[in-house]
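Just my_file-v4.cif here, mmCIF, C-alpha atoms:
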```
data_run
#
loop_
_atom_site.label_atom_id
_atom_site.label_comp_id
_atom_site.auth_asym_id
_atom_site.auth_seq_id
_atom_site.Cartn_x
_atom_site.Cartn_y
_atom_site.Cartn_z
CA MET A 10 18.97 57.39 238.91
CA SER A 11 17.90 60.63 237.24
CA ASN A 12 21.54 61.21 236.21
CA VAL A 13 21.52 58.28 233.84
CA ILE A 14 18.17 59.22 232.31
CA ASP A 15 19.32 62.79 231.71
CA PHE A 16 22.56 61.48 230.28
CA LEU A 17 20.73 59.15 227.87
CA ALA A 18 18.44 62.00 226.78
CA ARG A 19 21.51 64.14 226.09
CA MET A 20 23.23 61.26 224.30
CA GLY A 21 20.17 60.75 222.11
CA ALA A 22 20.10 64.42 221.15
CA GLU A 23 23.81 65.30 220.73
CA ALA A 24 25.65 64.11 217.64
CA ASP A 25 29.10 64.28 219.27
CA LEU A 26 27.99 62.19 222.22
CA ARG A 27 26.08 59.71 220.05
CA ASP A 28 29.17 59.10 217.95
CA ALA A 29 31.72 59.35 220.77
CA GLY A 30 34.31 56.61 221.14
CA THR A 31 34.53 54.50 224.29
CA GLU A 32 37.12 56.72 226.02
CA ALA A 33 35.26 59.96 225.36
CA LEU A 34 31.97 58.37 226.38
CA ALA A 35 33.51 57.05 229.63
CA ARG A 36 34.78 60.55 230.39
CA GLU A 37 31.35 62.08 229.77
CA LEU A 38 29.67 59.44 231.95
CA ALA A 39 32.12 60.15 234.78
CA GLU A 40 31.58 63.92 234.48
CA ALA A 41 27.82 63.35 234.64
CA ASN A 42 28.25 61.27 237.82
CA VAL A 43 26.46 58.30 236.32
CA ASP A 44 26.57 55.26 238.64
CA GLY A 45 29.49 52.96 237.81
CA GLU A 46 27.45 49.86 237.00
CA LEU A 47 25.06 51.83 234.79
CA ALA A 48 27.97 53.55 233.06
CA ALA A 49 29.55 50.14 232.40
CA ALA A 50 26.28 48.92 230.89
CA ILE A 51 26.15 51.93 228.56
CA LEU A 52 29.78 51.49 227.53
CA ALA A 53 29.09 47.81 226.82
CA ALA A 54 25.88 48.69 224.92
CA ASP A 55 24.14 46.36 227.36
CA GLY A 56 20.50 47.49 227.30
CA ASP A 57 19.26 44.49 229.30
CA THR A 58 21.44 45.27 232.35
CA LEU A 59 20.48 48.92 232.20
CA ARG A 60 16.77 48.06 232.06
CA GLU A 61 17.14 45.58 234.91
CA ARG A 62 18.64 48.29 237.11
CA VAL A 63 16.56 51.30 236.02
CA ALA A 64 13.14 49.84 235.22
CA PRO A 65 12.85 46.11 235.93
CA GLY A 66 9.86 44.13 234.73
CA THR A 67 8.14 43.32 231.47
CA TYR A 68 7.23 46.14 229.15
CA TYR A 69 4.72 45.24 226.46
CA SER A 70 5.06 46.84 223.08
CA ILE A 71 2.10 45.45 221.14
CA GLN A 72 -0.45 48.22 220.65
CA LEU A 73 -2.67 46.83 217.91
CA ASP A 74 -5.01 43.86 217.74
CA ARG A 75 -6.43 42.64 214.47
CA GLU A 76 -9.92 43.77 213.54
CA LYS A 77 -12.80 41.66 214.84
CA GLU A 78 -14.24 39.54 212.08
CA ASP A 79 -17.93 40.03 211.23
CA PRO A 80 -19.57 36.57 211.21
CA GLU A 81 -22.71 37.93 209.50
CA GLN A 82 -20.61 39.31 206.65
CA ASP A 83 -18.86 35.97 206.28
CA GLU A 84 -22.19 34.14 206.11
CA LYS A 85 -23.50 36.52 203.44
CA GLU A 86 -20.40 36.00 201.35
CA GLU A 87 -20.63 32.23 201.66
CA ALA A 88 -24.35 32.11 200.74
CA PRO A 89 -25.07 35.01 198.37
CA ASP A 90 -28.68 35.92 197.54
CA ASN A 91 -29.78 37.04 194.08
CA ASP A 92 -27.49 40.06 194.01
CA GLY A 93 -24.86 38.43 196.18
CA ALA A 94 -22.21 38.40 193.51
CA GLU A 95 -22.46 42.18 193.13
CA LYS A 96 -22.35 42.77 196.91
CA SER A 97 -19.33 40.52 197.26
CA ALA A 98 -17.51 42.35 194.48
CA LEU A 99 -18.21 45.68 196.17
CA ALA A 100 -16.95 44.38 199.51
CA HIS A 101 -13.68 43.24 197.98
CA SER A 102 -13.12 46.51 196.12
CA ALA A 103 -13.69 48.70 199.21
CA MET B 15 -20.69 80.45 238.85
CA THR B 16 -17.32 79.38 237.48
CA ALA B 17 -17.30 78.00 233.93
CA THR B 18 -16.13 74.41 233.72
CA THR B 19 -12.85 74.02 231.84
CA ALA B 20 -13.32 71.72 228.86
CA GLY B 21 -10.95 68.80 228.83
CA THR B 22 -8.75 68.12 225.83
CA LEU B 23 -6.80 65.15 224.54
CA THR B 24 -3.62 65.12 222.51
CA CYS B 25 -1.83 61.92 221.56
CA VAL B 26 1.81 62.40 220.64
CA GLY B 27 4.65 60.16 219.49
CA LEU B 28 8.00 59.95 221.26
CA GLY B 29 9.77 58.44 218.29
CA MET B 30 11.76 55.25 218.67
CA THR B 31 15.08 56.29 220.20
CA LEU B 32 15.26 57.96 223.61
CA GLY B 33 16.19 61.61 223.25
CA SER B 34 16.60 61.54 219.48
CA HIS B 35 13.15 61.79 217.95
CA LEU B 36 10.91 63.88 220.20
CA THR B 37 9.45 66.75 218.16
CA PRO B 38 9.18 70.28 219.60
CA ILE B 39 5.38 70.20 219.48
CA ALA B 40 5.23 66.81 221.22
CA ARG B 41 7.57 68.06 223.96
CA SER B 42 5.40 71.15 224.37
CA GLN B 43 2.19 69.11 224.52
CA ILE B 44 3.68 66.95 227.27
CA ALA B 45 4.93 69.95 229.24
CA SER B 46 1.63 71.85 229.06
CA ALA B 47 -0.63 68.90 229.93
CA ASP B 48 -2.30 68.48 233.32
CA VAL B 49 -1.76 64.73 233.20
CA VAL B 50 0.33 62.48 230.94
CA PHE B 51 -0.36 58.82 230.12
CA ALA B 52 2.63 56.85 228.86
CA GLY B 53 2.32 53.89 226.51
CA VAL B 54 5.94 53.07 225.77
CA SER B 55 7.75 49.81 225.08
CA ASP B 56 10.83 50.33 227.22
CA GLY B 57 11.02 50.98 230.95
CA VAL B 58 14.03 53.27 230.57
CA VAL B 59 12.09 55.36 228.05
CA GLU B 60 9.19 55.54 230.50
CA GLN B 61 11.58 56.89 233.13
CA TRP B 62 12.58 59.56 230.63
CA VAL B 63 8.93 60.55 230.12
CA ARG B 64 8.68 60.92 233.91
CA ARG B 65 11.49 63.49 233.71
CA LEU B 66 9.36 65.53 231.28
CA HIS B 67 6.26 65.90 233.50
CA HIS B 68 5.38 65.63 237.18
CA ASP B 69 2.21 63.52 236.69
CA VAL B 70 2.96 60.60 234.36
CA ARG B 71 0.76 57.52 234.58
CA SER B 72 1.96 54.35 232.91
CA LEU B 73 -0.41 52.45 230.65
CA GLN B 74 1.64 49.26 231.15
CA PRO B 75 -0.44 47.98 234.13
CA PHE B 76 -3.38 47.52 231.77
CA TYR B 77 -1.50 44.70 230.02
CA ALA B 78 -1.56 41.19 231.43
CA GLU B 79 -0.63 37.76 230.10
CA ALA B 80 -3.71 36.07 228.57
CA LYS B 81 -5.80 39.24 228.99
CA PRO B 82 -7.33 40.03 225.59
CA ARG B 83 -5.50 42.97 224.09
CA GLN B 84 -8.85 44.46 223.04
CA ALA B 85 -9.70 44.77 226.74
CA THR B 86 -6.30 46.31 227.44
CA TYR B 87 -6.81 48.96 224.77
CA ARG B 88 -10.35 49.69 226.00
CA ASP B 89 -8.98 50.23 229.51
CA MET B 90 -6.30 52.59 228.18
CA VAL B 91 -8.88 54.65 226.30
CA GLU B 92 -11.16 54.81 229.32
CA ALA B 93 -8.32 55.92 231.61
CA MET B 94 -7.47 58.83 229.33
CA LEU B 95 -11.08 59.83 228.68
CA THR B 96 -11.94 59.80 232.37
CA GLU B 97 -9.45 62.64 232.88
CA VAL B 98 -10.66 64.49 229.77
CA ARG B 99 -14.25 64.34 231.07
CA ALA B 100 -12.98 65.74 234.37
CA GLY B 101 -11.93 68.87 232.50
CA ARG B 102 -8.21 68.13 232.37
CA ARG B 103 -5.74 68.68 229.57
CA VAL B 104 -4.58 65.15 228.81
CA CYS B 105 -1.56 64.06 226.79
CA GLY B 106 -1.19 60.44 225.69
CA VAL B 107 2.43 59.66 224.95
CA PHE B 108 3.15 56.63 222.80
CA TYR B 109 6.39 55.22 221.45
CA GLY B 110 7.03 55.72 217.75
CA HIS B 111 4.06 57.28 215.96
CA PRO B 112 0.84 57.29 218.00
CA GLY B 113 -1.24 56.42 214.94
CA VAL B 114 0.84 53.63 213.40
CA PHE B 115 0.05 50.11 214.64
CA ALA B 116 -1.50 51.70 217.71
CA GLN B 117 -5.16 51.15 218.52
CA ALA B 118 -5.78 53.08 221.75
CA PRO B 119 -4.64 56.52 220.53
CA HIS B 120 -6.91 56.40 217.46
CA GLU B 121 -9.88 55.22 219.51
CA ALA B 122 -9.28 57.74 222.28
CA VAL B 123 -9.12 60.66 219.83
CA ALA B 124 -12.25 59.47 217.99
CA ARG B 125 -14.23 58.93 221.18
CA ALA B 126 -13.16 62.25 222.71
CA ARG B 127 -14.29 64.06 219.56
CA ALA B 128 -17.58 62.15 219.52
CA GLU B 129 -18.19 63.33 223.08
CA GLY B 130 -17.56 66.94 222.04
CA TYR B 131 -13.99 67.43 223.30
CA VAL B 132 -11.09 68.85 221.33
CA ALA B 133 -8.74 66.00 220.49
CA ARG B 134 -5.81 65.69 218.14
CA MET B 135 -2.83 63.55 217.25
CA GLU B 136 0.74 64.70 216.65
CA PRO B 137 2.86 62.36 214.52
CA GLY B 138 6.13 60.84 215.64
CA ILE B 139 9.02 58.97 214.06
CA SER B 140 7.85 55.40 213.69
CA SER B 141 9.70 52.11 213.48
CA GLU B 142 8.89 52.20 209.77
CA ASP B 143 10.79 55.48 209.42
CA CYS B 144 13.79 54.00 211.23
CA LEU B 145 13.64 50.89 209.05
CA TYR B 146 14.01 52.97 205.88
CA ALA B 147 17.08 54.73 207.32
CA ASP B 148 18.71 51.66 208.87
CA LEU B 149 18.17 49.27 205.95
CA GLY B 150 18.93 51.90 203.30
CA LEU B 151 15.55 51.21 201.79
CA ASP B 152 13.61 53.85 199.84
CA PRO B 153 9.96 52.81 199.42
CA GLY B 154 9.74 55.07 196.37
CA ARG B 155 12.07 52.87 194.32
CA THR B 156 10.06 49.68 193.93
CA GLY B 157 7.13 50.28 196.27
CA CYS B 158 6.55 48.73 199.68
CA GLN B 159 3.62 46.77 201.11
CA HIS B 160 2.91 46.70 204.84
CA PHE B 161 0.76 44.19 206.71
CA GLU B 162 0.19 43.09 210.27
CA ALA B 163 1.70 39.59 210.40
CA THR B 164 -1.26 37.63 211.79
CA GLN B 165 -3.76 39.39 209.53
CA PHE B 166 -1.45 38.56 206.62
CA MET B 167 -1.65 34.89 207.58
CA LEU B 168 -5.43 34.86 207.97
CA TYR B 169 -6.38 36.45 204.67
CA ARG B 170 -5.31 35.87 201.11
CA ARG B 171 -3.61 39.16 200.32
CA SER B 172 -2.37 40.25 196.91
CA VAL B 173 1.38 40.21 197.29
CA ASP B 174 3.44 42.21 194.83
CA THR B 175 6.77 40.39 194.79
CA SER B 176 8.35 43.23 192.78
CA ALA B 177 7.97 45.49 195.85
CA TRP B 178 9.25 45.19 199.42
CA LEU B 179 6.94 43.39 201.82
CA VAL B 180 7.09 44.38 205.50
CA LEU B 181 5.28 42.33 208.17
CA TRP B 182 4.77 44.05 211.52
CA GLN B 183 4.14 42.44 214.91
CA VAL B 184 5.80 39.28 213.62
CA GLY B 185 6.76 38.54 217.24
CA ILE B 186 3.13 37.54 217.92
CA ALA B 187 2.53 36.00 214.48
CA GLY B 188 -0.29 33.48 214.43
CA ASP B 189 -1.96 34.40 217.71
CA LEU B 190 -5.71 33.87 217.43
CA SER B 191 -6.40 34.36 221.13
CA GLY B 192 -5.56 38.05 221.11
CA GLY B 193 -3.85 37.55 224.44
CA ARG B 194 -0.36 36.24 223.62
CA PHE B 195 2.78 38.34 223.54
CA ASP B 196 5.06 35.85 221.84
CA THR B 197 5.19 33.37 219.02
CA GLU B 198 6.93 30.01 218.52
CA PRO B 199 8.35 27.82 215.72
CA ARG B 200 5.01 26.11 214.96
CA ARG B 201 3.25 29.39 214.21
CA LEU B 202 6.28 30.83 212.41
CA ALA B 203 6.40 27.71 210.23
CA VAL B 204 2.86 28.50 209.09
CA LEU B 205 3.91 32.08 208.32
CA VAL B 206 6.85 30.78 206.27
CA GLU B 207 4.46 28.42 204.48
CA VAL B 208 2.19 31.34 203.56
CA LEU B 209 5.15 33.40 202.37
CA SER B 210 6.46 30.44 200.38
CA ARG B 211 3.45 30.82 198.08
CA HIS B 212 5.21 33.92 196.81
CA TYR B 213 8.93 33.61 197.61
CA PRO B 214 11.48 30.79 197.34
CA PRO B 215 12.67 29.46 200.73
CA THR B 216 16.20 30.60 199.89
CA HIS B 217 15.10 34.22 199.39
CA GLU B 218 17.00 36.49 201.80
CA VAL B 219 14.82 38.32 204.32
CA VAL B 220 15.68 40.74 207.13
CA ILE B 221 14.67 40.69 210.79
CA TYR B 222 14.63 44.31 211.94
CA ARG B 223 14.29 46.02 215.32
CA ALA B 224 14.81 49.77 215.80
CA ALA B 225 17.10 50.98 218.59
CA THR B 226 15.23 52.36 221.59
CA LEU B 227 18.28 53.47 223.60
CA PRO B 228 20.85 55.83 222.08
CA PHE B 229 23.84 53.54 222.65
CA GLN B 230 22.20 50.61 220.91
CA THR B 231 22.39 49.55 217.30
CA PRO B 232 19.34 48.28 215.45
CA ARG B 233 18.83 44.54 214.98
CA ILE B 234 19.46 43.80 211.31
CA GLU B 235 19.66 40.05 210.80
CA ARG B 236 19.62 38.62 207.30
CA MET B 237 18.67 35.02 206.65
CA PRO B 238 16.91 32.76 204.12
CA LEU B 239 13.12 32.84 204.40
CA GLY B 240 13.16 29.16 205.34
CA SER B 241 15.17 29.92 208.50
CA VAL B 242 12.70 32.40 209.99
CA GLN B 243 10.82 29.71 211.94
CA ASP B 244 14.02 28.81 213.81
CA THR B 245 14.75 32.41 214.80
CA SER B 246 13.99 34.01 218.13
CA LEU B 247 11.57 36.89 217.57
CA GLY B 248 10.38 39.40 220.14
CA MET B 249 7.53 41.89 220.31
CA PRO B 250 9.46 44.73 218.65
CA ASP B 251 10.73 42.69 215.68
CA THR B 252 9.69 43.21 212.07
CA LEU B 253 10.17 41.02 209.01
CA ALA B 254 11.24 42.86 205.85
CA ILE B 255 11.29 40.98 202.55
CA PRO B 256 13.05 42.45 199.50
CA PRO B 257 11.56 42.04 196.02
CA CYS B 258 12.22 38.71 194.30
CA THR B 259 10.88 39.59 190.86
CA PRO B 260 11.58 42.55 188.55
CA LEU B 261 8.98 45.24 187.88
CA GLU B 262 6.74 44.11 185.02
CA PRO B 263 6.31 46.75 182.31
CA ASP B 264 2.72 47.56 181.23
CA LEU B 265 3.29 47.86 177.48
CA ALA B 266 -0.19 49.17 176.61
CA ILE B 267 -0.05 52.00 179.14
CA ARG B 268 3.49 52.83 178.09
CA ALA B 269 2.36 53.11 174.46
CA ARG B 270 -0.50 55.45 175.37
CA LEU B 271 1.73 57.69 177.47
CA ALA B 272 4.34 57.71 174.69
CA GLU B 273 1.63 59.02 172.33
CA PHE B 274 0.93 61.90 174.74
CA ALA B 275 4.63 62.70 174.94
CA ALA B 276 4.99 62.60 171.16
CA SER B 277 1.98 64.90 170.64
CA GLU B 278 3.41 67.40 173.18
CA ALA B 279 6.89 67.44 171.62
CA PRO B 280 7.82 70.89 170.26
#
```
The structure in this file should be written as C-alpha cells.
Amino acid sequence: MSNVIDFLARMGAEADLRDAGTEALARELAEANVDGELAAAILAADGDTLRERVAPGTYYSIQLDREKEDPEQDEKEEAPDNDGAEKSALAHSA
Amino acid sequence: MTATTAGTLTCVGLGMTLGSHLTPIARSQIASADVVFAGVSDGVVEQWVRRLHHDVRSLQPFYAEAKPRQATYRDMVEAMLTEVRAGRRVCGVFYGHPGVFAQAPHEAVARARAEGYVARMEPGISSEDCLYADLGLDPGRTGCQHFEATQFMLYRRSVDTSAWLVLWQVGIAGDLSGGRFDTEPRRLAVLVEVLSRHYPPTHEVVIYRAATLPFQTPRIERMPLGSVQDTSLGMPDTLAIPPCTPLEPDLAIRARLAEFAASEAP
C-alpha cells in the first residue's frame, strides 16, 4: 500500500508526472509496482475507488463552526438604555 | 535533577493537493516533532502524512454525526495540548492552511501560549489560493468578499455586488444544530433566497472544489444562481459568485485626488 502513497506524493511534486499522458503514467505506475486495481483507479482519475481501497470510511472536512451568539448582547441591542444608540453604533462599527 | 523539557506546539498546513503544496518548513516541523496530529479531509492524504512520521494520530475519530462540532474541536485542542503539557514537541497537521476556516489550530495555539508554551502556526496553501488559480480569478481586480455560508444566511451582511462573493462551507449551509455535515434543497433554497436580494436568479455562479489527489481535476461547475438548490453539494464545496454590477466611481474622491495630481505636476 505504501507504493501507491509514495507514487502519489511523487506525482504531486513532479511536473512531468503530473502532466504525463495515460501511456506514460501507466508505465510509471508499473515501474513503481503499484497494485493493478489502484493503478487502474489512478489512470481513470477515480478518487472514490482509490479511497475505498486505501482509506475506507468517512473523512470529515469541516473545521469551523460559527461563533456562538451572545444572548445578552442581543437583548441590549433590542432594548437600548439611554446611551443605547451609541453603544449599538459602536458594536456595528467594530 | 533533570530539567523538564518544555513542550511546544506548531500547527502547519499541508496544502490542498497531496504532494504538491507542502512547504519545506512544514515538512521539517512534521519530521522533527515527537508526535503528529493529523486533521485532514481525505483518507489517502492521511496515509501520506503517516509516511512522513512514525507517530501520527488522526483527529478524525473526534468527529461524529450529530456531535456538536464545538465539542469536536475542543477535543482536538485538548488532545494536542495534553502532549504539549507532557513536554513533547507537537505538530498539528491540517489540510490547506491551518488558520483559514479552521477553529482547532487557532484555539490550540492561543491556549498553549496562554499556558506559557511556545506555539506557532505555519501557513499553507488554502482552498482559496487554489480557487484563484483554477478559476483564473484575481481578487485584486474587482475585490472579493468571503463569508462562511451559514453565517452569511443568519446575518444581514453588506454585499458588494461589484466584487466577487465567495461562500465557504456551503455544503453545510443552513445548519443551526452545529452537528450536521450535509445540507439539502430546503436549506439551499433559503440560501438562494438570501442571495436573490442581491443577484438575479439567472446570474451565473460557480461551484468549486479543489483537487486533493494529484490525478484529479478541480470541480468547476457553472450554473444559474436559481439552480444551486437542486445541486448536490459536499463538505469541500465552495460557492463563488462573480460581480453582477460595475464598479461605481466616487466622483468627489476622484476630483480631490485629481487636484493632488495636478498640484504635483512638474
Once the PyMOL selection byres ((chain A) within 9 of (chain B)) is applied to the coordinates I shared, what remains selected? I want it as a PDB file with C-alpha atoms, in the frame of the given file.
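In the end it all went to expr.pdb:
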```
ATOM      1  CA  SER A  11      17.900  60.630 237.240  1.00  0.00           C
ATOM      2  CA  ILE A  14      18.170  59.220 232.310  1.00  0.00           C
ATOM      3  CA  ASP A  15      19.320  62.790 231.710  1.00  0.00           C
ATOM      4  CA  LEU A  17      20.730  59.150 227.870  1.00  0.00           C
ATOM      5  CA  ALA A  18      18.440  62.000 226.780  1.00  0.00           C
ATOM      6  CA  ARG A  19      21.510  64.140 226.090  1.00  0.00           C
ATOM      7  CA  MET A  20      23.230  61.260 224.300  1.00  0.00           C
ATOM      8  CA  GLY A  21      20.170  60.750 222.110  1.00  0.00           C
ATOM      9  CA  ALA A  22      20.100  64.420 221.150  1.00  0.00           C
ATOM     10  CA  GLU A  23      23.810  65.300 220.730  1.00  0.00           C
ATOM     11  CA  ARG A  27      26.080  59.710 220.050  1.00  0.00           C
ATOM     12  CA  ILE A  51      26.150  51.930 228.560  1.00  0.00           C
ATOM     13  CA  LEU A  52      29.780  51.490 227.530  1.00  0.00           C
ATOM     14  CA  ALA A  53      29.090  47.810 226.820  1.00  0.00           C
ATOM     15  CA  ALA A  54      25.880  48.690 224.920  1.00  0.00           C
ATOM     16  CA  ASP A  55      24.140  46.360 227.360  1.00  0.00           C
ATOM     17  CA  GLY A  56      20.500  47.490 227.300  1.00  0.00           C
ATOM     18  CA  LEU A  59      20.480  48.920 232.200  1.00  0.00           C
ATOM     19  CA  ARG A  60      16.770  48.060 232.060  1.00  0.00           C
ATOM     20  CA  VAL A  63      16.560  51.300 236.020  1.00  0.00           C
ATOM     21  CA  ALA A  64      13.140  49.840 235.220  1.00  0.00           C
ATOM     22  CA  PRO A  65      12.850  46.110 235.930  1.00  0.00           C
ATOM     23  CA  GLY A  66       9.860  44.130 234.730  1.00  0.00           C
ATOM     24  CA  THR A  67       8.140  43.320 231.470  1.00  0.00           C
ATOM     25  CA  TYR A  68       7.230  46.140 229.150  1.00  0.00           C
ATOM     26  CA  TYR A  69       4.720  45.240 226.460  1.00  0.00           C
ATOM     27  CA  SER A  70       5.060  46.840 223.080  1.00  0.00           C
ATOM     28  CA  ILE A  71       2.100  45.450 221.140  1.00  0.00           C
ATOM     29  CA  GLN A  72      -0.450  48.220 220.650  1.00  0.00           C
ATOM     30  CA  LEU A  73      -2.670  46.830 217.910  1.00  0.00           C
ATOM     31  CA  ASP A  74      -5.010  43.860 217.740  1.00  0.00           C
ATOM     32  CA  ARG A  75      -6.430  42.640 214.470  1.00  0.00           C
ATOM     33  CA  GLU A  76      -9.920  43.770 213.540  1.00  0.00           C
TER      34      GLU A  76
END
```
Give the padded box for segment 60-76 of chain A as lines of an AutoDock Vina configuration file: axis-aligned, covering all atoms listed in the file, 4 Å on each side, centre and edge lengths in Å to one decimal.
```
center_x = 4.4
center_y = 47.0
center_z = 225.3
size_x = 36.6
size_y = 16.7
size_z = 31.6
```
Give me, please, the distance in Å between atom CA of Met94 of chain B and atom CA of Val49 of chain B, quoted to one decimal.
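Straight-line distance from atom CA of Met94 of chain B to atom CA of Val49 of chain B works out to 9.1 Å.
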Can you tell me, as JSON, numbers by chain, what residues are no more than 9 Å from segment 19-29 of chain B when counting all atoms listed in the file, ignoring any on the same chain fewer than 3 positions away?
{"B": [16, 32, 33, 34, 35, 36, 37, 39, 40, 41, 43, 44, 47, 54, 63, 94, 95, 97, 98, 99, 100, 101, 102, 103, 104, 105, 106, 107, 108, 109, 110, 111, 112, 113, 119, 120, 122, 123, 126, 131, 132, 133, 134, 135, 136, 137, 138, 139, 140, 141, 226]}
Evaluate the PyMOL selection byres ((chain B and resi 234) around 9) here and jot the selected residues down as a PyMOL selection string.
chain B and resi 148-149+220-224+231-233+235-236
8 Å contact set for segment 31-45 of chain A, only C-alpha atoms, chain neighbours under 5 positions out, as JSON, numbers by chain:
{"A": [10, 12, 13, 16, 26, 52]}
So the first atom is atom CA of Leu168 of chain B and the second is atom CA of Val204 of chain B; what is the distance between them in Å, to one decimal place?
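Computed distance, atom CA of Leu168 of chain B to atom CA of Val204 of chain B, equals 10.5 Å.
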Do you know which residues the PyMOL selection byres ((chain B and resi 257) around 7) returns on this file, as a list in words?
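The output of the PyMOL selection byres ((chain B and resi 257) around 7) on this file is Thr175, Ser176, Ala177, Trp178, Ile255, Pro256, Cys258 and Thr259 of chain B.
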Correct to one decimal, the distance atom CA of Arg201 of chain B-atom CA of Arg171 of chain B is 18.3 Å
